[in-house]
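To keep things clear, I will list the structure first and then write my remarks on it.
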Amino acid sequence: IDGKAAPDFMYEIKFSATRKLTVWMERLFILAGFVEDDDGVFKPQRPDAITRLFGLHTTRSYGNGLVRPAFFTKDEIDRANESLSEGSQIDCNIINPFEVSDSALYFGLAEKELGDKAYDPRCGCAVEDRKMYPHYILRHAIISEWLNYGKGHPDPRLKSITAVEPTQHLSIHKKTITSKPYGGIAIESGTEYSLRYAIQRTYRQTVNRRAMSPLFVSLLK
């Protein structure tokens, strides 16, 4: 970043905005919970600022750019189940929620993973009135359920989780973009933003129900 050697956990995304859009972008940063310091750098004041700005609800596809899970394969889980008793074996109905068909989600798998959480409560509590959430919401709901599997240990089907750190090292820098449309005096044409953030990756080497190990221990200090 800026020509300096950055730690492995640091990343940077750049995007630009026109002059008119810049005004709305910076209002959005403030509404999300960021505060601009004397150097023109936006930093989170609220602990949930990055979720409010880039969370699931902010994308049309309901994609989660803040968390990226990786999954064990069915063969890896089958091998682990060979050493487990029948009552403690790991379910293989869903290995990767993003690869399951929509129909399989709607006809059994989503309800098995989520229970009543698979249904939109706004549609009524009676069985005949209940309606499931759309498939793209169900997939992320299953991931959220797996992340909170039990006693803080993610579901054993998860191999690793890469997530943006919500506050550490997070900042939005800005630089004015100028242009000379007629070869004369430079005029302001927009703003280039640089989002700098840290990630943490937790992982397991083998299929198990124990806690995951952090990759970047220094972020825990």
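Residue names in the structure tokens use chain letters A, B, ... in the order shown, residue numbers from 1 in each chain, and ligand numbers from 1 in the order shown.
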
Practice problem: Within stretch 36-217 of chain A, find each residue whose DSSP state, derived from the backbone, is strand (DSSP E), and express the selection as a PyMOL selection string. | Solution: chain A and resi 36+42-44+67-71+158-164+171-179+187-203+213-214

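All residues of protein, DNA or RNA that reach within 12 Å of stretch 85-89 of chain A, judged by only C-alpha atoms and not counting those fewer than 2 positions away in the chain, are Ile77, Asp78, Arg79, Ala80, Asn81, Glu82, Ser83, Asp91, Cys92, Asn93, Pro156, Arg157, Val207, Asn208 and Arg209 of chain A.
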
Writer output for current selection, N, CA and C atoms, as a tab-separated table (two decimals), in the first residue's frame:
```tsv
chain	number	residue	atom	x	y	z
A	77	ILE	N	-15.50	-35.64	4.38
A	77	ILE	CA	-16.47	-35.85	5.46
A	77	ILE	C	-16.81	-37.33	5.61
A	78	ASP	N	-16.94	-38.04	4.48
A	78	ASP	CA	-17.22	-39.48	4.53
A	78	ASP	C	-16.10	-40.23	5.26
A	79	ARG	N	-14.85	-39.85	5.00
A	79	ARG	CA	-13.72	-40.50	5.68
A	79	ARG	C	-13.75	-40.22	7.18
A	80	ALA	N	-14.13	-38.98	7.55
A	80	ALA	CA	-14.22	-38.64	8.98
A	80	ALA	C	-15.35	-39.42	9.65
A	81	ASN	N	-16.45	-39.63	8.93
A	81	ASN	CA	-17.60	-40.35	9.49
A	81	ASN	C	-17.31	-41.83	9.75
A	82	GLU	N	-16.33	-42.37	9.03
A	82	GLU	CA	-15.99	-43.79	9.22
A	82	GLU	C	-15.49	-44.07	10.64
A	83	SER	N	-14.93	-43.07	11.28
A	83	SER	CA	-14.41	-43.26	12.64
A	83	SER	C	-15.37	-42.77	13.71
A	91	ASP	N	-23.59	-34.65	9.07
A	91	ASP	CA	-24.59	-34.65	7.99
A	91	ASP	C	-23.94	-34.24	6.67
A	92	CYS	N	-24.25	-34.98	5.60
A	92	CYS	CA	-23.69	-34.67	4.28
A	92	CYS	C	-24.75	-34.22	3.28
A	93	ASN	N	-25.96	-33.93	3.75
A	93	ASN	CA	-27.01	-33.52	2.82
A	93	ASN	C	-26.65	-32.23	2.09
A	156	PRO	N	-18.83	-28.42	11.48
A	156	PRO	CA	-17.68	-29.21	11.01
A	156	PRO	C	-17.55	-29.29	9.50
A	157	ARG	N	-18.58	-28.92	8.75
A	157	ARG	CA	-18.47	-28.93	7.29
A	157	ARG	C	-17.66	-27.74	6.76
A	207	VAL	N	-11.55	-32.60	9.34
A	207	VAL	CA	-12.98	-32.48	9.68
A	207	VAL	C	-13.14	-32.81	11.17
A	208	ASN	N	-13.64	-31.84	11.94
A	208	ASN	CA	-13.86	-32.07	13.37
A	208	ASN	C	-14.81	-31.00	13.90
A	209	ARG	N	-15.24	-31.17	15.15
A	209	ARG	CA	-16.17	-30.22	15.77
A	209	ARG	C	-15.47	-29.26	16.73
```

Practice problem: Compare A:Ile95, A:Ile177, A:Ile13, A:Leu114 by their minimum atom-to-atom distance to A:Asp75, counting only C-alpha atoms, and give me the closest one. | Solution: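 Of A:Ile95, A:Ile177, A:Ile13, A:Leu114, the one nearest A:Asp75 is A:Ile95, counting only C-alpha atoms.
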
Quiz item: From the list A:Cys123, A:Ala118, A:Leu147, A:Val23, which residue is nearest A:Ala163 when using only C-alpha atoms?
Solution: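 Among the listed residues, A:Leu147 lies closest to A:Ala163.
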
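Nearest residue to A:Ser213 among A:Asn96, A:Thr178, A:Thr162, A:Ser103 is A:Thr162, counting only C-alpha atoms.
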
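With distances restricted to only C-alpha atoms, A:Ile30 is the closest residue to A:Lys43 from A:Val100, A:Met10, A:Ile137, A:Ile30.
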
Practice problem: Determine which residues of chain A receive a DSSP assignment of alpha helix (DSSP H), computed from the backbone, and state them as a PyMOL selection string. | Solution: chain A and resi 19-32+49-54+74-81+102-104+110-114+135-147

Exercise. Can you work out the spacing between atom CA of A:Asp155 and atom CA of A:Gly65 in Å, to one decimal?
Key: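 Going from atom CA of A:Asp155 over to atom CA of A:Gly65 covers 20.3 Å.
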
Exercise. Counting only C-alpha atoms, figure out which residue out of A:Ile185, A:Thr191, A:Ala49, A:Gly33 gets nearest to A:Leu21.
Key: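 Smallest distance to A:Leu21 is found for A:Thr191.
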
Quiz prompt | Pick from A:Val67, A:Leu84, A:Ala32, A:Met132 nearest to A:Ser144, counting only C-alpha atoms | solution =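 Smallest distance to A:Ser144 is found for A:Val67.
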
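Interatomic distance, atom CA of A:Val164 to atom CA of A:Leu105: 27.9 Å.
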
Quiz item: Neighbours of A:Tyr193 within 10 Å (only C-alpha atoms; same-chain residues fewer than 4 positions away dropped), as a list of chain:residue names?
Solution: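 The contact residues come out as A:Ile13, A:Lys14, A:Phe15, A:Ser16, A:Ala17, A:Thr22, A:Met25, A:Val41, A:Ile172, A:His173, A:Lys174, A:Lys175, A:Thr176.
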
Quiz item: Within 9 Å of A:Met212, counting only C-alpha atoms, which residues qualify if same-chain residues fewer than 6 places away don't, as a VMD selection string?
Solution: chain A and resid 153 to 154 159 to 161 202 to 205

Generate a file of the selected residues that holds N, CA, C and O atoms, formatted as a CSV table (one decimal), in the first residue's frame.
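Contents of result-v7.csv, freshly written:
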```
chain,number,residue,atom,x,y,z
A,153,HIS,N,-18.0,-22.8,18.1
A,153,HIS,CA,-17.3,-23.6,17.1
A,153,HIS,C,-18.1,-23.7,15.8
A,153,HIS,O,-19.2,-24.2,15.9
A,154,PRO,N,-17.6,-23.3,14.7
A,154,PRO,CA,-18.4,-23.4,13.4
A,154,PRO,C,-18.7,-24.9,13.1
A,154,PRO,O,-18.0,-25.8,13.5
A,159,LYS,N,-14.4,-25.6,6.4
A,159,LYS,CA,-13.0,-25.9,6.4
A,159,LYS,C,-12.2,-24.6,6.8
A,159,LYS,O,-11.3,-24.6,7.6
A,160,SER,N,-12.7,-23.4,6.3
A,160,SER,CA,-12.0,-22.2,6.7
A,160,SER,C,-13.0,-21.0,6.5
A,160,SER,O,-14.0,-21.2,5.8
A,161,ILE,N,-12.7,-19.9,7.2
A,161,ILE,CA,-13.6,-18.7,7.1
A,161,ILE,C,-12.7,-17.5,6.9
A,161,ILE,O,-11.8,-17.3,7.8
A,202,THR,N,-9.6,-18.1,9.7
A,202,THR,CA,-9.6,-19.2,10.6
A,202,THR,C,-9.8,-20.5,9.9
A,202,THR,O,-10.5,-20.5,8.8
A,203,TYR,N,-9.2,-21.6,10.3
A,203,TYR,CA,-9.2,-22.8,9.5
A,203,TYR,C,-9.0,-24.0,10.4
A,203,TYR,O,-8.7,-24.0,11.5
A,204,ARG,N,-9.4,-25.2,9.7
A,204,ARG,CA,-9.2,-26.5,10.3
A,204,ARG,C,-8.4,-27.3,9.3
A,204,ARG,O,-8.6,-27.2,8.1
A,205,GLN,N,-7.5,-28.2,9.8
A,205,GLN,CA,-6.8,-29.1,8.9
A,205,GLN,C,-7.6,-30.3,8.6
A,205,GLN,O,-7.5,-30.9,7.5
```

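One finds atom CA of A:Glu12 at 27.4 Å from atom CA of A:Arg139.
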
Quiz item: What's the 10 Å shell around A:His140, counting only C-alpha atoms, without same-chain residues fewer than 2 positions away, as a ChimeraX atom specification?
Solution: /A:56,62-64,97-98,135-138,142-146
